[in-house]
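Structure record follows, encoded as structure tokens.
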Amino acid sequence: MTIDTHAHITDIKFDNDRKDVIEKAFNSGLSKLIEVSCQMCYWDKSLELIKQNDIFASFGIHPADVLKYVKSDYEKLEILIQNEKCVAVGETGLDYHYDNSKKNIDAQKESLEVQLDLAKKYGKPVIIHCRDAYDGIIEFIKKQSFIPKGVIHCFSGTLEQAKIFVDLGFYIGIDGPVTYKKSDILKKVVKNIEIGKLLLETDCPYLAPQKYRGTRNEPSYIIEIVKEIASIKNMDVDKVEKITTQNALSLFKGIK
Ligand SMILES: [Zn+2]
């Protein structure tokens, strides 16, 4: 049994067969799923989705488009976070990948601060998105008086950076790229970070594992990530599933 702690099932790419995709995932050994709803246009759709058993949500505002949001959107977000099936806040974080994102670094930091405060206020963990900004986010987090528990989503930094996040109390999110042949640095991270600190995420419809690379990713493909971690760490697949599931349940306490 596994938990996909990071999916975007409300994405339009699932509009034609969402029900089948979810059914297939649960029939293939997935026990729970967290829908990460970090764009306002998907919030209502996500609220509808989490009415289903074993599907939970994280609500947040993605760093890449913080400039589109106004104060009343954050008020709406605060209401969503109080939903009993909302088990986390995010994705929030820093994204320095796009040229235009460099222009809104201050806005990204401000949004991150607001969302960290909401996580603190409602006692929920954070899902941190970080792209080309690992040192920036480490510096930012260290300056906070309170650091909520959370996960560094789809980790793609170095082993040294991963160790710093673990020391700060974060879990490391492992996604499809760990199965790619050229992901030497990520494989090194998985080998050297204890299994008790790793979380499974598909980030579907993005980042399909090697076997399905170039196609739409789905929650049922999570087994490919499990197999890769098991192979890197020389562990049984069952053990990887069991421990990462425990990790997910201890971080996302709202999962019942
Ligand atoms: Zn995502």
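Chain labels A, B, ... are given in the sequence in which chains occur in the structure tokens; within each chain residues are numbered consecutively from 1, and ligands are likewise numbered from 1 in the order shown.
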Please identify all protein, DNA and RNA residues within 12 Å of ligand 1, counting only C-alpha atoms and all ligand atoms, and report them as a PDB file with N, CA and C atoms, in the first residue's frame.
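New file part-v3.pdb:
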ATOM      1  N   ASP A   4       0.119   8.450  -2.541  1.00  0.00           N
ATOM      2  CA  ASP A   4       0.651   9.471  -3.441  1.00  0.00           C
ATOM      3  C   ASP A   4       0.434  10.804  -2.734  1.00  0.00           C
ATOM      4  N   THR A   5       1.519  11.372  -2.202  1.00  0.00           N
ATOM      5  CA  THR A   5       1.377  12.596  -1.403  1.00  0.00           C
ATOM      6  C   THR A   5       1.358  13.861  -2.255  1.00  0.00           C
ATOM      7  N   HIS A   6       1.383  13.698  -3.588  1.00  0.00           N
ATOM      8  CA  HIS A   6       1.403  14.902  -4.423  1.00  0.00           C
ATOM      9  C   HIS A   6       0.890  14.603  -5.831  1.00  0.00           C
ATOM     10  N   ALA A   7      -0.388  14.868  -6.050  1.00  0.00           N
ATOM     11  CA  ALA A   7      -0.973  14.657  -7.382  1.00  0.00           C
ATOM     12  C   ALA A   7      -1.771  15.895  -7.782  1.00  0.00           C
ATOM     13  N   HIS A   8      -1.936  16.074  -9.096  1.00  0.00           N
ATOM     14  CA  HIS A   8      -2.792  17.163  -9.610  1.00  0.00           C
ATOM     15  C   HIS A   8      -3.851  16.527 -10.504  1.00  0.00           C
ATOM     16  N   ILE A   9      -4.770  15.807  -9.859  1.00  0.00           N
ATOM     17  CA  ILE A   9      -5.814  15.067 -10.571  1.00  0.00           C
ATOM     18  C   ILE A   9      -6.895  15.983 -11.153  1.00  0.00           C
ATOM     19  N   THR A  10      -6.992  17.201 -10.624  1.00  0.00           N
ATOM     20  CA  THR A  10      -7.998  18.118 -11.179  1.00  0.00           C
ATOM     21  C   THR A  10      -7.516  18.753 -12.493  1.00  0.00           C
ATOM     22  N   ASP A  11      -6.275  18.519 -12.845  1.00  0.00           N
ATOM     23  CA  ASP A  11      -5.724  19.070 -14.089  1.00  0.00           C
ATOM     24  C   ASP A  11      -6.604  18.676 -15.288  1.00  0.00           C
ATOM     25  N   ILE A  34      -3.133  12.660  -2.085  1.00  0.00           N
ATOM     26  CA  ILE A  34      -3.272  14.085  -1.747  1.00  0.00           C
ATOM     27  C   ILE A  34      -3.268  14.895  -3.039  1.00  0.00           C
ATOM     28  N   GLU A  35      -4.376  15.581  -3.268  1.00  0.00           N
ATOM     29  CA  GLU A  35      -4.507  16.473  -4.423  1.00  0.00           C
ATOM     30  C   GLU A  35      -3.910  17.817  -4.028  1.00  0.00           C
ATOM     31  N   VAL A  36      -2.886  18.249  -4.767  1.00  0.00           N
ATOM     32  CA  VAL A  36      -2.239  19.513  -4.436  1.00  0.00           C
ATOM     33  C   VAL A  36      -2.829  20.608  -5.322  1.00  0.00           C
ATOM     34  N   SER A  37      -3.597  21.483  -4.679  1.00  0.00           N
ATOM     35  CA  SER A  37      -4.381  22.479  -5.394  1.00  0.00           C
ATOM     36  C   SER A  37      -3.781  23.858  -5.146  1.00  0.00           C
ATOM     37  N   CYS A  38      -2.886  24.267  -6.051  1.00  0.00           N
ATOM     38  CA  CYS A  38      -2.137  25.493  -5.791  1.00  0.00           C
ATOM     39  C   CYS A  38      -2.367  26.557  -6.864  1.00  0.00           C
ATOM     40  N   GLN A  39      -3.489  26.423  -7.571  1.00  0.00           N
ATOM     41  CA  GLN A  39      -3.901  27.467  -8.510  1.00  0.00           C
ATOM     42  C   GLN A  39      -5.383  27.707  -8.254  1.00  0.00           C
ATOM     43  N   SER A  58      -4.262  19.578  -0.447  1.00  0.00           N
ATOM     44  CA  SER A  58      -3.442  20.647   0.088  1.00  0.00           C
ATOM     45  C   SER A  58      -3.847  21.875  -0.720  1.00  0.00           C
ATOM     46  N   PHE A  59      -4.115  22.985  -0.041  1.00  0.00           N
ATOM     47  CA  PHE A  59      -4.465  24.209  -0.760  1.00  0.00           C
ATOM     48  C   PHE A  59      -3.363  25.246  -0.580  1.00  0.00           C
ATOM     49  N   GLY A  60      -3.053  25.943  -1.668  1.00  0.00           N
ATOM     50  CA  GLY A  60      -2.012  26.962  -1.590  1.00  0.00           C
ATOM     51  C   GLY A  60      -1.961  27.817  -2.834  1.00  0.00           C
ATOM     52  N   ILE A  61      -0.958  28.697  -2.854  1.00  0.00           N
ATOM     53  CA  ILE A  61      -0.745  29.574  -4.010  1.00  0.00           C
ATOM     54  C   ILE A  61       0.684  29.356  -4.501  1.00  0.00           C
ATOM     55  N   HIS A  62       0.796  28.892  -5.748  1.00  0.00           N
ATOM     56  CA  HIS A  62       2.086  28.529  -6.324  1.00  0.00           C
ATOM     57  C   HIS A  62       2.971  29.766  -6.506  1.00  0.00           C
ATOM     58  N   PRO A  63       4.260  29.649  -6.182  1.00  0.00           N
ATOM     59  CA  PRO A  63       5.138  30.830  -6.274  1.00  0.00           C
ATOM     60  C   PRO A  63       5.252  31.418  -7.680  1.00  0.00           C
ATOM     61  N   ALA A  64       5.083  30.581  -8.710  1.00  0.00           N
ATOM     62  CA  ALA A  64       5.290  31.080 -10.075  1.00  0.00           C
ATOM     63  C   ALA A  64       4.246  32.114 -10.492  1.00  0.00           C
ATOM     64  N   GLY A  90       0.000  24.529   0.590  1.00  0.00           N
ATOM     65  CA  GLY A  90       0.986  24.575  -0.491  1.00  0.00           C
ATOM     66  C   GLY A  90       0.432  23.993  -1.768  1.00  0.00           C
ATOM     67  N   GLU A  91       1.226  23.980  -2.825  1.00  0.00           N
ATOM     68  CA  GLU A  91       2.613  24.341  -2.889  1.00  0.00           C
ATOM     69  C   GLU A  91       2.814  25.841  -2.719  1.00  0.00           C
ATOM     70  N   THR A  92       3.746  26.183  -1.839  1.00  0.00           N
ATOM     71  CA  THR A  92       4.252  27.536  -1.759  1.00  0.00           C
ATOM     72  C   THR A  92       5.773  27.398  -1.792  1.00  0.00           C
ATOM     73  N   GLY A  93       6.465  28.504  -2.001  1.00  0.00           N
ATOM     74  CA  GLY A  93       7.928  28.378  -2.035  1.00  0.00           C
ATOM     75  C   GLY A  93       8.570  29.437  -2.882  1.00  0.00           C
ATOM     76  N   ILE A 127       3.837  22.193   1.984  1.00  0.00           N
ATOM     77  CA  ILE A 127       4.460  21.558   0.820  1.00  0.00           C
ATOM     78  C   ILE A 127       5.244  22.656   0.117  1.00  0.00           C
ATOM     79  N   ILE A 128       6.572  22.499   0.122  1.00  0.00           N
ATOM     80  CA  ILE A 128       7.448  23.546  -0.419  1.00  0.00           C
ATOM     81  C   ILE A 128       7.869  23.232  -1.855  1.00  0.00           C
ATOM     82  N   HIS A 129       7.541  24.160  -2.750  1.00  0.00           N
ATOM     83  CA  HIS A 129       8.009  24.086  -4.131  1.00  0.00           C
ATOM     84  C   HIS A 129       9.296  24.909  -4.214  1.00  0.00           C
ATOM     85  N   CYS A 130      10.320  24.344  -4.798  1.00  0.00           N
ATOM     86  CA  CYS A 130      11.576  25.073  -4.908  1.00  0.00           C
ATOM     87  C   CYS A 130      12.228  24.729  -6.231  1.00  0.00           C
ATOM     88  N   ARG A 131      12.421  25.741  -7.054  1.00  0.00           N
ATOM     89  CA  ARG A 131      13.069  25.489  -8.339  1.00  0.00           C
ATOM     90  C   ARG A 131      14.187  26.503  -8.546  1.00  0.00           C
ATOM     91  N   VAL A 151       7.416  19.185   3.616  1.00  0.00           N
ATOM     92  CA  VAL A 151       8.156  18.390   2.636  1.00  0.00           C
ATOM     93  C   VAL A 151       8.734  19.323   1.576  1.00  0.00           C
ATOM     94  N   ILE A 152       9.953  19.022   1.133  1.00  0.00           N
ATOM     95  CA  ILE A 152      10.526  19.732   0.002  1.00  0.00           C
ATOM     96  C   ILE A 152      10.103  18.917  -1.220  1.00  0.00           C
ATOM     97  N   HIS A 153       9.102  19.429  -1.911  1.00  0.00           N
ATOM     98  CA  HIS A 153       8.452  18.729  -3.015  1.00  0.00           C
ATOM     99  C   HIS A 153       9.405  18.525  -4.200  1.00  0.00           C
ATOM    100  N   CYS A 154       9.335  17.332  -4.783  1.00  0.00           N
ATOM    101  CA  CYS A 154      10.102  17.000  -5.991  1.00  0.00           C
ATOM    102  C   CYS A 154      11.552  17.477  -5.885  1.00  0.00           C
ATOM    103  N   PHE A 155      12.229  16.958  -4.881  1.00  0.00           N
ATOM    104  CA  PHE A 155      13.581  17.440  -4.595  1.00  0.00           C
ATOM    105  C   PHE A 155      14.524  17.231  -5.787  1.00  0.00           C
ATOM    106  N   GLY A 173      10.717  14.985  -0.850  1.00  0.00           N
ATOM    107  CA  GLY A 173       9.763  14.398  -1.798  1.00  0.00           C
ATOM    108  C   GLY A 173      10.493  13.801  -2.996  1.00  0.00           C
ATOM    109  N   ILE A 174      10.222  12.511  -3.267  1.00  0.00           N
ATOM    110  CA  ILE A 174      10.879  11.822  -4.387  1.00  0.00           C
ATOM    111  C   ILE A 174       9.848  11.509  -5.471  1.00  0.00           C
ATOM    112  N   ASP A 175      10.152  11.953  -6.687  1.00  0.00           N
ATOM    113  CA  ASP A 175       9.221  11.846  -7.810  1.00  0.00           C
ATOM    114  C   ASP A 175       9.832  11.041  -8.971  1.00  0.00           C
ATOM    115  N   GLY A 176       9.115  10.985 -10.077  1.00  0.00           N
ATOM    116  CA  GLY A 176       9.539  10.226 -11.258  1.00  0.00           C
ATOM    117  C   GLY A 176      10.985  10.415 -11.706  1.00  0.00           C
ATOM    118  N   GLU A 201       5.866  10.879  -4.230  1.00  0.00           N
ATOM    119  CA  GLU A 201       5.000  11.848  -4.914  1.00  0.00           C
ATOM    120  C   GLU A 201       5.019  11.523  -6.405  1.00  0.00           C
ATOM    121  N   THR A 202       3.873  11.583  -7.073  1.00  0.00           N
ATOM    122  CA  THR A 202       3.952  11.430  -8.539  1.00  0.00           C
ATOM    123  C   THR A 202       4.048  12.781  -9.243  1.00  0.00           C
ATOM    124  N   ASP A 203       3.428  13.825  -8.661  1.00  0.00           N
ATOM    125  CA  ASP A 203       3.315  15.129  -9.327  1.00  0.00           C
ATOM    126  C   ASP A 203       2.583  14.988 -10.664  1.00  0.00           C
ATOM    127  N   CYS A 204       1.746  13.945 -10.793  1.00  0.00           N
ATOM    128  CA  CYS A 204       1.014  13.748 -12.045  1.00  0.00           C
ATOM    129  C   CYS A 204       0.081  14.942 -12.304  1.00  0.00           C
ATOM    130  N   PRO A 205      -0.131  15.353 -13.545  1.00  0.00           N
ATOM    131  CA  PRO A 205       0.210  14.675 -14.805  1.00  0.00           C
ATOM    132  C   PRO A 205       1.655  14.896 -15.293  1.00  0.00           C
ATOM    133  N   TYR A 206       2.476  15.562 -14.474  1.00  0.00           N
ATOM    134  CA  TYR A 206       3.850  15.849 -14.897  1.00  0.00           C
ATOM    135  C   TYR A 206       4.793  14.711 -14.504  1.00  0.00           C
ATOM    136  N   LEU A 207       5.999  14.747 -15.067  1.00  0.00           N
ATOM    137  CA  LEU A 207       7.126  13.921 -14.622  1.00  0.00           C
ATOM    138  C   LEU A 207       6.881  12.416 -14.557  1.00  0.00           C
ATOM    139  N   ASN A 217       1.524  11.411 -16.726  1.00  0.00           N
ATOM    140  CA  ASN A 217       1.788  10.640 -15.508  1.00  0.00           C
ATOM    141  C   ASN A 217       0.477  10.377 -14.761  1.00  0.00           C
TER     142      ASN A 217
END
Would you please give, as a count of residues only, all residues of stretch 91-202 of chain A that DSSP assigns to helix (DSSP H, G or I) based on the backbone?
-> 59
Strand (DSSP E or B) call set, DSSP backbone run, stretch 6-245 of chain A, as a PyMOL selection string = chain A and resi 6-7+30-37+55-59+86-95+126-131+150-152+170-174+198-200+204
Excluding A:Ile229 and any residue of its chain fewer than 3 positions from it, enumerate the residues within 12 Å of it, using only C-alpha atoms, and give them as an MDAnalysis selection string.
-> chainID A and resid 173:179 186:195 198:200 222:226 232:241 243:244
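A straight line drawn from atom CA of A:Val114 to atom CA of A:Lys197 is 25.9 Å long.
The gap separating atom CA of A:Gln115 from atom CA of A:Lys256 is 23.6 Å, in Å to one decimal.
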Quick one, how far is atom CA of A:Gly123 from atom CA of A:Ala88?
-> 8.9 Å
